[in-house]
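J.: My file is data05.cif. It has mmCIF, C-alpha atoms:
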```cif
data_run
loop_
_atom_site.label_atom_id
_atom_site.label_comp_id
_atom_site.auth_asym_id
_atom_site.auth_seq_id
_atom_site.Cartn_x
_atom_site.Cartn_y
_atom_site.Cartn_z
CA MET A 1 88.98 118.92 50.24
CA SER A 2 89.03 122.50 51.50
CA LYS A 3 90.21 122.99 55.07
CA THR A 4 90.23 125.90 57.53
CA ILE A 5 93.50 127.36 58.77
CA LEU A 6 94.04 129.97 61.46
CA ILE A 7 97.32 131.91 61.44
CA SER A 8 98.10 134.01 64.50
CA GLN A 9 100.47 136.97 64.62
CA LYS A 10 99.34 139.70 66.97
CA ASP A 11 100.58 142.56 64.77
CA ILE A 12 100.17 142.39 60.99
CA ASN A 13 100.05 146.13 60.49
CA ILE A 14 103.46 147.09 59.08
CA ILE A 15 103.80 144.55 56.29
CA ARG A 16 107.34 145.52 55.32
CA SER A 17 108.55 143.63 58.40
CA GLY A 18 109.70 140.03 58.09
CA VAL A 19 107.06 138.18 60.14
CA PRO A 20 103.99 139.86 58.57
CA ARG A 21 105.49 139.11 55.15
CA LEU A 22 105.82 135.46 56.17
CA VAL A 23 102.15 135.40 57.21
CA LEU A 24 101.16 136.80 53.81
CA SER A 25 103.24 134.12 52.12
CA GLU A 26 101.47 131.41 54.14
CA LEU A 27 98.10 132.87 53.17
CA ASN A 28 99.11 132.80 49.51
CA TYR A 29 100.19 129.19 49.82
CA PHE A 30 96.90 128.04 51.35
CA LYS A 31 94.90 130.01 48.80
CA GLU A 32 96.67 128.19 45.97
CA LYS A 33 95.87 124.88 47.68
CA GLY A 34 92.18 125.77 47.84
CA HIS A 35 91.96 126.20 51.62
CA GLN A 36 90.37 129.01 53.63
CA ALA A 37 92.94 130.73 55.82
CA PHE A 38 92.19 133.32 58.51
CA ALA A 39 94.84 135.73 59.76
CA ILE A 40 94.10 136.82 63.32
CA ALA A 41 95.77 139.87 64.88
CA GLU A 42 95.22 142.85 67.15
CA ARG A 43 96.43 145.26 64.48
CA ILE A 44 95.91 144.16 60.93
CA GLN A 45 96.40 145.44 57.38
CA LYS A 46 93.14 144.10 56.01
CA ASP A 47 93.79 144.96 52.36
CA ALA A 48 97.10 143.10 52.42
CA ILE A 49 95.45 140.02 53.96
CA LEU A 50 92.69 140.03 51.35
CA LYS A 51 95.18 140.50 48.51
CA ALA A 52 97.11 137.47 49.78
CA GLY A 53 93.93 135.40 49.60
CA GLY A 54 93.24 135.28 53.32
CA THR A 55 90.44 136.45 55.58
CA PRO A 56 91.34 139.11 58.16
CA TYR A 57 90.16 138.46 61.71
CA LYS A 58 90.77 141.46 63.97
CA THR A 59 90.61 141.08 67.73
CA PHE A 60 90.09 143.76 70.35
CA ARG A 61 93.42 145.23 71.47
CA TRP A 62 93.75 145.78 75.21
CA PRO A 63 94.50 149.54 75.56
CA ILE A 64 97.37 149.23 78.05
CA SER A 65 100.63 147.62 76.92
CA GLY A 66 102.30 144.91 78.95
CA PHE A 67 102.03 141.24 79.83
CA PHE A 68 98.28 141.36 80.42
CA ARG A 69 97.73 142.62 76.86
CA ARG A 70 99.54 139.53 75.57
CA LYS A 71 97.51 137.22 77.81
CA PHE A 72 94.33 138.96 76.69
CA TYR A 73 95.30 138.40 73.05
CA ILE A 74 95.79 134.70 73.76
CA SER A 75 92.27 134.53 75.21
CA ARG A 76 90.86 136.20 72.06
CA VAL A 77 92.62 133.65 69.86
CA LYS A 78 91.17 130.81 71.94
CA LYS A 79 87.72 132.28 71.40
CA ALA A 80 88.33 132.45 67.65
CA ILE A 81 89.47 128.81 67.64
CA THR A 82 86.25 127.78 69.35
CA LYS A 83 84.25 129.69 66.74
CA LEU A 84 86.15 128.72 63.58
CA LYS A 85 87.18 125.16 64.55
CA PRO A 86 90.26 125.28 62.31
CA ASP A 87 91.88 122.13 60.97
CA LEU A 88 95.33 123.71 61.41
CA ILE A 89 96.63 126.41 63.76
CA ILE A 90 99.87 128.23 63.02
CA GLY A 91 101.32 130.58 65.64
CA HIS A 92 104.10 133.12 65.31
CA GLY A 93 105.27 133.39 68.89
CA ASP A 94 102.17 134.91 70.49
CA ILE A 95 99.95 131.97 71.49
CA ILE A 96 100.48 128.91 73.68
CA GLU A 97 98.62 126.15 71.83
CA GLN A 98 99.15 125.53 68.11
CA ASP A 99 100.05 122.84 65.60
CA ILE A 100 103.02 124.69 64.09
CA CYS A 101 104.88 127.18 66.25
CA PHE A 102 107.18 129.66 64.54
CA ILE A 103 109.56 131.43 66.93
CA HIS A 104 111.35 134.45 65.50
CA ASN A 105 113.41 135.69 68.45
CA CYS A 106 115.91 134.25 70.91
CA VAL A 107 114.74 136.81 73.42
CA HIS A 108 116.81 135.44 76.33
CA LEU A 109 120.04 135.09 74.35
CA ALA A 110 119.58 138.38 72.54
CA TYR A 111 119.07 140.34 75.76
CA LYS A 112 122.23 138.90 77.28
CA LEU A 113 124.37 139.57 74.20
CA ILE A 114 123.13 143.13 73.80
CA ASN A 115 122.95 144.18 77.46
CA GLY A 116 125.52 141.90 79.12
CA LYS A 117 123.07 140.52 81.68
CA GLU A 118 120.22 138.05 81.97
CA LEU A 119 116.72 138.84 80.78
CA PRO A 120 114.60 140.25 83.64
CA PRO A 121 112.15 137.61 84.96
CA ASP A 122 109.17 139.91 84.34
CA HIS A 123 110.02 140.65 80.69
CA GLU A 124 106.69 140.26 78.85
CA VAL A 125 108.02 138.59 75.68
CA GLY A 126 110.32 136.38 77.74
CA LEU A 127 107.37 135.25 79.86
CA ILE A 128 105.29 134.29 76.82
CA HIS A 129 108.16 132.53 75.07
CA SER A 130 109.04 130.63 78.24
CA GLN A 131 105.44 129.45 78.60
CA ILE A 132 105.23 128.38 74.95
CA LEU A 133 108.51 126.47 75.06
CA THR A 134 108.03 124.98 78.52
CA GLU A 135 104.48 123.73 78.02
CA LYS A 136 105.36 122.49 74.47
CA LYS A 137 101.77 122.50 73.21
CA PHE A 138 102.79 122.27 69.57
CA LYS A 139 103.52 119.47 67.10
CA VAL A 140 106.59 121.10 65.60
CA LEU A 141 108.72 124.13 66.43
CA VAL A 142 110.14 126.11 63.52
CA CYS A 143 113.29 128.21 63.98
CA ASN A 144 114.82 130.83 61.68
CA SER A 145 118.35 129.44 61.96
CA GLU A 146 120.52 126.68 63.40
CA MET A 147 121.77 129.23 65.94
CA MET A 148 118.21 129.68 67.19
CA LYS A 149 117.51 125.94 67.17
CA ILE A 150 120.58 125.20 69.31
CA ASP A 151 119.81 127.96 71.82
CA LEU A 152 116.12 127.09 72.28
CA THR A 153 116.66 123.33 72.32
CA ASN A 154 119.29 123.60 75.04
CA ARG A 155 117.59 126.35 77.02
CA PHE A 156 114.16 124.68 77.15
CA ASN A 157 115.13 121.00 76.90
CA LEU A 158 113.28 120.40 73.63
CA GLU A 159 114.96 117.12 72.66
CA ASP A 160 111.59 115.35 72.89
CA LYS A 161 109.94 117.67 70.34
CA GLU A 162 110.49 118.08 66.62
CA VAL A 163 112.49 121.27 66.06
CA ILE A 164 113.35 122.24 62.51
CA VAL A 165 115.08 125.13 60.75
CA HIS A 166 113.16 126.85 57.99
CA TYR A 167 114.96 129.88 56.61
CA PRO A 168 112.66 132.77 55.66
CA GLU A 169 111.83 133.06 51.98
CA LEU A 170 112.90 135.69 49.49
CA ASN A 171 110.58 137.58 47.16
CA GLY A 172 112.64 137.08 44.01
CA HIS A 173 110.32 139.32 41.99
CA LYS A 174 111.02 142.29 44.26
CA PHE A 175 114.70 141.81 44.98
CA GLY A 176 117.38 141.13 42.41
CA VAL A 177 115.31 142.51 39.54
CA SER A 178 114.67 146.18 40.27
CA LYS A 179 117.50 148.60 39.41
CA LYS A 180 116.01 151.62 41.17
CA SER A 181 118.63 153.46 43.22
CA MET A 182 118.88 156.44 45.58
CA ARG A 183 122.42 157.44 44.54
CA GLU A 184 121.40 160.26 42.20
CA LYS A 185 118.86 161.62 44.67
CA LEU A 186 121.52 161.61 47.41
CA ASN A 187 124.08 163.16 45.05
CA ILE A 188 126.51 160.23 45.39
CA SER A 189 129.08 160.04 42.60
CA ASP A 190 129.88 156.86 40.66
CA ASP A 191 133.41 156.69 42.09
CA THR A 192 132.12 156.63 45.69
CA ILE A 193 131.95 153.34 47.58
CA VAL A 194 128.64 153.16 49.43
CA ILE A 195 128.50 151.00 52.56
CA GLY A 196 124.98 150.19 53.70
CA LEU A 197 123.54 148.96 56.97
CA ILE A 198 119.87 148.55 56.15
CA THR A 199 117.50 147.10 58.71
CA SER A 200 114.02 147.44 60.20
CA GLY A 201 115.38 149.34 63.20
CA ASN A 202 116.91 148.81 66.67
CA PHE A 203 120.32 150.29 65.90
CA LYS A 204 121.74 149.04 69.21
CA LYS A 205 121.00 145.41 68.38
CA ARG A 206 122.32 145.82 64.83
CA ASN A 207 125.51 147.46 66.16
CA VAL A 208 125.46 150.68 64.14
CA LYS A 209 127.98 152.01 66.65
CA LEU A 210 130.64 149.50 65.59
CA LEU A 211 130.28 150.41 61.93
CA LEU A 212 130.62 154.13 62.66
CA GLU A 213 133.64 153.55 64.91
CA THR A 214 135.29 151.51 62.16
CA LEU A 215 135.06 154.35 59.61
CA PHE A 216 138.11 156.06 61.13
CA ASP A 217 140.27 153.10 60.03
CA LEU A 218 139.12 152.92 56.40
CA PRO A 219 141.24 154.17 53.47
CA SER A 220 141.07 157.97 53.56
CA GLU A 221 141.96 158.32 49.88
CA GLN A 222 138.80 156.49 48.79
CA LYS A 223 135.48 158.30 48.59
CA ILE A 224 133.12 156.49 50.96
CA HIS A 225 129.50 157.19 51.87
CA ILE A 226 127.58 155.41 54.62
CA LEU A 227 123.85 154.68 54.36
CA ILE A 228 122.05 153.57 57.52
CA ALA A 229 118.35 152.82 57.24
CA GLY A 230 115.76 151.77 59.80
CA LYS A 231 113.25 152.95 62.36
CA ASP A 232 115.40 154.27 65.20
CA LYS A 233 117.04 157.49 66.40
CA SER A 234 120.33 158.77 65.00
CA GLU A 235 120.98 161.15 67.93
CA PRO A 236 123.00 158.63 70.01
CA PHE A 237 125.58 158.59 67.20
CA LYS A 238 125.81 162.36 66.75
CA GLU A 239 129.40 162.62 68.03
CA LEU A 240 130.65 159.79 65.80
CA VAL A 241 128.88 161.28 62.77
CA GLU A 242 130.39 164.71 63.37
CA LYS A 243 133.92 163.27 63.67
CA SER A 244 133.69 161.09 60.57
CA ILE A 245 135.59 162.18 57.45
CA HIS A 246 133.09 160.17 55.39
CA PRO A 247 129.51 161.40 54.85
CA ILE A 248 126.82 159.46 56.70
CA THR A 249 123.14 159.46 55.74
CA PHE A 250 120.35 158.08 57.92
CA LEU A 251 117.27 157.00 55.97
CA PRO A 252 113.75 156.09 57.17
CA PRO A 253 112.10 152.71 56.55
CA THR A 254 110.51 152.30 53.13
CA ASP A 255 108.40 149.76 51.28
CA ASP A 256 110.80 150.18 48.34
CA VAL A 257 113.80 149.01 50.35
CA GLU A 258 115.38 147.54 47.20
CA CYS A 259 116.24 151.14 46.27
CA TYR A 260 118.46 151.29 49.34
CA TYR A 261 120.23 148.02 48.55
CA ASN A 262 120.76 149.05 44.94
CA SER A 263 122.43 152.25 46.16
CA THR A 264 125.16 150.35 48.01
CA ASP A 265 128.38 148.63 46.97
CA ILE A 266 128.85 146.70 50.24
CA PHE A 267 126.25 145.58 52.77
CA VAL A 268 127.22 145.29 56.44
CA LEU A 269 125.36 143.83 59.42
CA PRO A 270 127.71 143.54 62.43
CA ALA A 271 124.80 142.77 64.77
CA HIS A 272 125.20 141.52 68.33
CA ILE A 273 122.58 138.98 67.30
CA GLU A 274 120.10 138.60 64.45
CA GLU A 275 118.00 135.47 64.56
CA PHE A 276 118.03 135.42 60.78
CA GLY A 277 118.38 138.83 59.12
CA MET A 278 116.19 139.20 56.03
CA SER A 279 118.14 142.31 55.06
CA VAL A 280 121.20 140.13 54.43
CA LEU A 281 119.29 137.79 52.10
CA GLU A 282 117.70 140.74 50.30
CA ALA A 283 121.07 142.47 49.85
CA MET A 284 122.49 139.23 48.46
CA ALA A 285 119.60 139.00 46.00
CA CYS A 286 120.40 142.56 44.92
CA LYS A 287 123.92 141.36 44.05
CA LYS A 288 125.86 142.80 46.96
CA PRO A 289 128.84 141.43 48.87
CA VAL A 290 127.90 141.16 52.54
CA ILE A 291 129.76 141.32 55.84
CA VAL A 292 127.88 139.85 58.80
CA SER A 293 128.67 138.76 62.33
CA LYS A 294 128.69 135.06 63.19
CA MET A 295 125.65 135.66 65.42
CA VAL A 296 123.56 136.62 62.39
CA GLY A 297 121.51 133.58 61.41
CA SER A 298 121.71 134.28 57.68
CA SER A 299 125.48 133.86 57.88
CA GLU A 300 124.67 130.13 57.80
CA ILE A 301 123.60 130.30 54.15
CA LEU A 302 126.74 132.03 52.83
CA GLU A 303 128.74 129.98 50.37
CA GLY A 304 132.29 129.89 48.96
CA ASP A 305 134.46 132.97 49.44
CA SER A 306 131.55 134.83 51.04
CA LYS A 307 132.10 132.76 54.18
CA ASP A 308 135.37 134.65 54.70
CA PHE A 309 133.31 137.77 55.42
CA ILE A 310 131.63 136.42 58.53
CA LEU A 311 132.90 138.38 61.54
CA GLN A 312 134.24 136.06 64.21
CA GLU A 313 134.62 138.99 66.62
CA LEU A 314 132.79 142.30 66.90
CA SER A 315 135.95 144.39 66.64
CA LYS A 316 136.92 147.47 64.64
CA GLU A 317 140.03 145.66 63.48
CA GLU A 318 138.26 142.69 61.91
CA LEU A 319 135.42 144.72 60.41
CA GLY A 320 137.89 147.31 59.11
CA ASN A 321 140.08 144.66 57.49
CA LYS A 322 137.15 143.00 55.72
CA LEU A 323 135.75 146.33 54.55
CA THR A 324 139.14 147.46 53.27
CA LYS A 325 139.60 144.23 51.30
CA LEU A 326 136.31 144.80 49.53
CA ILE A 327 136.78 148.54 49.06
CA GLN A 328 140.12 148.05 47.33
CA ASN A 329 139.06 145.24 44.98
CA LYS A 330 136.20 146.02 42.61
CA GLU A 331 136.56 142.74 40.70
CA PHE A 332 136.37 140.70 43.89
CA ARG A 333 133.26 142.61 44.98
CA ALA A 334 131.67 141.69 41.66
CA GLU A 335 132.56 138.01 42.12
CA LEU A 336 131.00 137.90 45.58
CA ALA A 337 127.95 139.80 44.34
CA LYS A 338 127.33 137.19 41.64
CA LEU A 339 127.86 134.32 44.10
CA ASN A 340 125.55 135.87 46.70
CA HIS A 341 122.81 136.45 44.13
CA GLU A 342 122.92 132.78 43.08
CA THR A 343 122.81 131.71 46.72
CA ALA A 344 119.88 134.00 47.54
CA MET A 345 117.77 132.66 44.68
CA LYS A 346 117.85 129.22 46.33
CA TYR A 347 115.58 130.70 49.01
CA SER A 348 112.95 132.04 46.62
CA THR A 349 109.25 131.65 47.37
CA THR A 350 108.94 128.61 45.11
CA ASN A 351 111.76 126.69 46.79
CA GLN A 352 110.68 127.60 50.31
CA ASN A 353 107.06 126.63 49.55
CA LYS A 354 108.30 123.11 48.78
CA LYS A 355 109.92 122.99 52.23
CA PHE A 356 106.75 124.37 53.82
CA GLU A 357 104.75 121.64 52.09
CA SER A 358 107.10 119.02 53.54
CA LEU A 359 106.62 120.59 56.97
CA LEU A 360 102.84 120.25 56.66
CA LYS A 361 103.14 116.62 55.57
CA SER A 362 105.30 115.89 58.62
CA ILE A 363 102.31 116.67 60.85
CA GLN A 364 99.90 114.80 58.56
CA PHE A 365 98.28 117.90 57.10
CA GLU A 366 97.69 117.48 53.36
#
```
Before we go any further, please render this structure as structure tokens.
T.:
Amino acid sequence: MSKTILISQKDINIIRSGVPRLVLSELNYFKEKGHQAFAIAERIQKDAILKAGGTPYKTFRWPISGFFRRKFYISRVKKAITKLKPDLIIGHGDIIEQDICFIHNCVHLAYKLINGKELPPDHEVGLIHSQILTEKKFKVLVCNSEMMKIDLTNRFNLEDKEVIVHYPELNGHKFGVSKKSMREKLNISDDTIVIGLITSGNFKKRNVKLLLETLFDLPSEQKIHILIAGKDKSEPFKELVEKSIHPITFLPPTDDVECYYNSTDIFVLPAHIEEFGMSVLEAMACKKPVIVSKMVGSSEILEGDSKDFILQELSKEELGNKLTKLIQNKEFRAELAKLNHETAMKYSTTNQNKKFESLLKSIQFE
């Protein structure tokens, strides 16, 4: 029997980002099950929603940013619920009442780790998340990682609610198959080791500064090129770039991000915090050894020898040592690349859909 589903994510405009891609995956899932799924948002990529088998539902976007815009969006979703009478409501961190609540950010913890102080009480995302997690008007809360689950459960006393970890899924057809690379276009020779930090943006959170500071301690005899990709400004790192003996290239976001991964020999994400880090999983699928900080949620899925490349401290010494070990051992890089690829494939769309189906059954939706 066909049912109606409403999926809320206030911004489904830039579909290369992790959360919009997750919404598209959910729409695909419900389409295959014969249900009608609506995707509601303030900003929406209608063609992408339709292609995924969903129905786009655009709300009016309050013209002034801030907390009131978020509250206004919540009121628009309530109005849509009254109209559509959905059998299932899925929220992605923007509404208060839902059956399944996906939270994608530890906004309180992240602010403290990045800025060294508590989140301001009037922070608009913090206010919404606090209301969602304090009022607990959901059947199940879904977190991106165990790290997130522990923080939110302790911070908001969620022991009385079902809180599960559901790692984001990997598009195995896009990553791990394509061989397209940027090396030739960037004039990077075959004997150059390319270190990549590829992300959606926010270079402060992802700790680009630490990577650039570490370059001074890497083997000078080895040709090394640094690729940093994402939507953010490179100007804050101008002095470090000018001092570096290794070339550094900043690249803009792209829908063909696999070209960036395929250009690298080593992927690095020394982030202060990353609630999951899809770029890590995608780099693994593209057969790359990865170095990540312990506060990156995707570090939880690393297996075997790859676990040795989880940074326990955000220091130049530790990052430099791990980079040097990989730079100097091509065979070992290849071993880790193969291992990481096999690990990443365990989180393909097919496997994660099975877990999503179990999640739906847990709340008696079949």
J.: Going by the chain IDs and residue numbers used in this file, which residues fall under the PyMOL selection byres ((chain A and resi 21-23) around 9)? Write them as a ChimeraX atom specification.
T.: /A:7-9,12,15-20,24-28,39,49,92,168-169
J.: May I have the selected residues written with C-alpha atoms, as a PDB file, keeping the file's coordinate frame?
T.:
```pdb
ATOM      1  CA  ILE A   7      97.320 131.910  61.440  1.00  0.00           C
ATOM      2  CA  SER A   8      98.100 134.010  64.500  1.00  0.00           C
ATOM      3  CA  GLN A   9     100.470 136.970  64.620  1.00  0.00           C
ATOM      4  CA  ILE A  12     100.170 142.390  60.990  1.00  0.00           C
ATOM      5  CA  ILE A  15     103.800 144.550  56.290  1.00  0.00           C
ATOM      6  CA  ARG A  16     107.340 145.520  55.320  1.00  0.00           C
ATOM      7  CA  SER A  17     108.550 143.630  58.400  1.00  0.00           C
ATOM      8  CA  GLY A  18     109.700 140.030  58.090  1.00  0.00           C
ATOM      9  CA  VAL A  19     107.060 138.180  60.140  1.00  0.00           C
ATOM     10  CA  PRO A  20     103.990 139.860  58.570  1.00  0.00           C
ATOM     11  CA  LEU A  24     101.160 136.800  53.810  1.00  0.00           C
ATOM     12  CA  SER A  25     103.240 134.120  52.120  1.00  0.00           C
ATOM     13  CA  GLU A  26     101.470 131.410  54.140  1.00  0.00           C
ATOM     14  CA  LEU A  27      98.100 132.870  53.170  1.00  0.00           C
ATOM     15  CA  ASN A  28      99.110 132.800  49.510  1.00  0.00           C
ATOM     16  CA  ALA A  39      94.840 135.730  59.760  1.00  0.00           C
ATOM     17  CA  ILE A  49      95.450 140.020  53.960  1.00  0.00           C
ATOM     18  CA  HIS A  92     104.100 133.120  65.310  1.00  0.00           C
ATOM     19  CA  PRO A 168     112.660 132.770  55.660  1.00  0.00           C
ATOM     20  CA  GLU A 169     111.830 133.060  51.980  1.00  0.00           C
TER      21      GLU A 169
END
```
J.: Could you list the residues chosen by the PyMOL selection byres ((chain A and resi 143) around 8) in this structure as an MDAnalysis selection string?
T.: chainID A and resid 102:104 141:142 144:146 148:149 163:167
J.: Where does the PyMOL selection byres ((chain A and resi 246-252) around 9) land in this file, that is, which residues does it pick, as a ChimeraX atom specification?
T.: /A:186,198,212,215-216,220,223-232,234,241,243-245,253-254,260
J.: Between atom CA of A:Asn321 and atom CA of A:Phe276, what is the distance, to one decimal in Å?
T.: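 Computed distance, atom CA of A:Asn321 to atom CA of A:Phe276, equals 24.1 Å.
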J.: Which one of A:Leu359, A:Ile193, A:Leu326, A:Ile95 sits closest to A:Gln222 if you count only C-alpha atoms?
T.: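 Distance minimum relative to A:Gln222 lands on A:Ile193.
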J.: What is the atom CA of A:Thr199-atom CA of A:Gln98 distance in Å, reported with one decimal?
T.: 29.8 Å
J.: What does the distance from atom CA of A:His35 to atom CA of A:Leu84 come to in Å, to one decimal?
T.: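 Computing it gives 13.5 Å between the two atoms.
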J.: Using only C-alpha atoms, which residue out of A:Asp94, A:Ser263, A:Thr349, A:Val107 lies closest to A:Ser189?
T.: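 Residue with the minimum atom-to-atom distance to A:Ser189: A:Ser263.
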J.: Sort by chain and increasing residue number a table of all residues of stretch 132-188 of chain A within 8 Å of stretch 277-291 of chain A, each with its closest pair of atoms and their distance in Å to one decimal, counting only C-alpha atoms, and write it as a tab-separated table.
T.:
```
residue	atom	partner	partner_atom	distance
A:Pro168	CA	A:Met278	CA	7.3
A:Leu170	CA	A:Glu282	CA	7.0
A:Gly172	CA	A:Ala285	CA	7.5
A:Phe175	CA	A:Ala285	CA	5.7
A:Gly176	CA	A:Cys286	CA	4.2
A:Val177	CA	A:Cys286	CA	7.4
```
J.: Which residue gives the smallest distance to A:Glu242 among A:His123, A:Thr82, A:Thr153, A:Glu213, with only C-alpha atoms counted?
T.: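 For A:Glu242, the nearest of the given residues is A:Glu213.
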J.: If you count only C-alpha atoms, which residues fall within 9 Å of A:Ile132, apart from same-chain ones fewer than 5 positions away, as an MDAnalysis selection string?
T.: chainID A and resid 93:97 101 127 137:138
J.: Between A:Lys238, A:Lys204, A:Arg43, A:Lys85, which one has atoms that come closest to A:Ala110, using only C-alpha atoms?
T.: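 Closest to A:Ala110 of all the choices is A:Lys204.
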J.: Which polymer residues have any atom within 10 Å of an atom of A:Met182, counting only C-alpha atoms, with same-chain residues fewer than 4 positions away left out, as a compact mmCIF listing (two decimals) with C-alpha atoms, keeping the file's coordinate frame?
T.:
```txt
# COMPACT_ATOMS: atom_id res chain seq x y z
CA LEU A 186 121.52 161.61 47.41
CA ASN A 187 124.08 163.16 45.05
CA ILE A 188 126.51 160.23 45.39
CA GLU A 258 115.38 147.54 47.20
CA CYS A 259 116.24 151.14 46.27
CA TYR A 260 118.46 151.29 49.34
CA TYR A 261 120.23 148.02 48.55
CA ASN A 262 120.76 149.05 44.94
CA SER A 263 122.43 152.25 46.16
CA THR A 264 125.16 150.35 48.01
```
J.: Find the residues around A:Leu119 up to 10 Å (only C-alpha atoms counted), leave out those fewer than 3 positions away in its own chain, and share them as a CSV table (one decimal) with C-alpha atoms, keeping the file's coordinate frame.
T.:
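Once everything was written out, this is out.csv:
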```csv
chain,number,residue,atom,x,y,z
A,107,VAL,CA,114.7,136.8,73.4
A,108,HIS,CA,116.8,135.4,76.3
A,109,LEU,CA,120.0,135.1,74.4
A,110,ALA,CA,119.6,138.4,72.5
A,111,TYR,CA,119.1,140.3,75.8
A,112,LYS,CA,122.2,138.9,77.3
A,115,ASN,CA,123.0,144.2,77.5
A,116,GLY,CA,125.5,141.9,79.1
A,122,ASP,CA,109.2,139.9,84.3
A,123,HIS,CA,110.0,140.6,80.7
A,126,GLY,CA,110.3,136.4,77.7
```
J.: If you count all atoms listed in the file, which residues fall within 8 Å of A:Ser293, apart from same-chain ones fewer than 3 positions away, as a VMD selection string?
T.: chain A and resid 269 to 273 296 299 310 to 314
J.: I'd like to know which of A:Lys117, A:Lys136, A:Lys3, A:Lys205 is closest to A:Asn157, using only C-alpha atoms.
T.: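 Selected residue with least distance to A:Asn157: A:Lys136.
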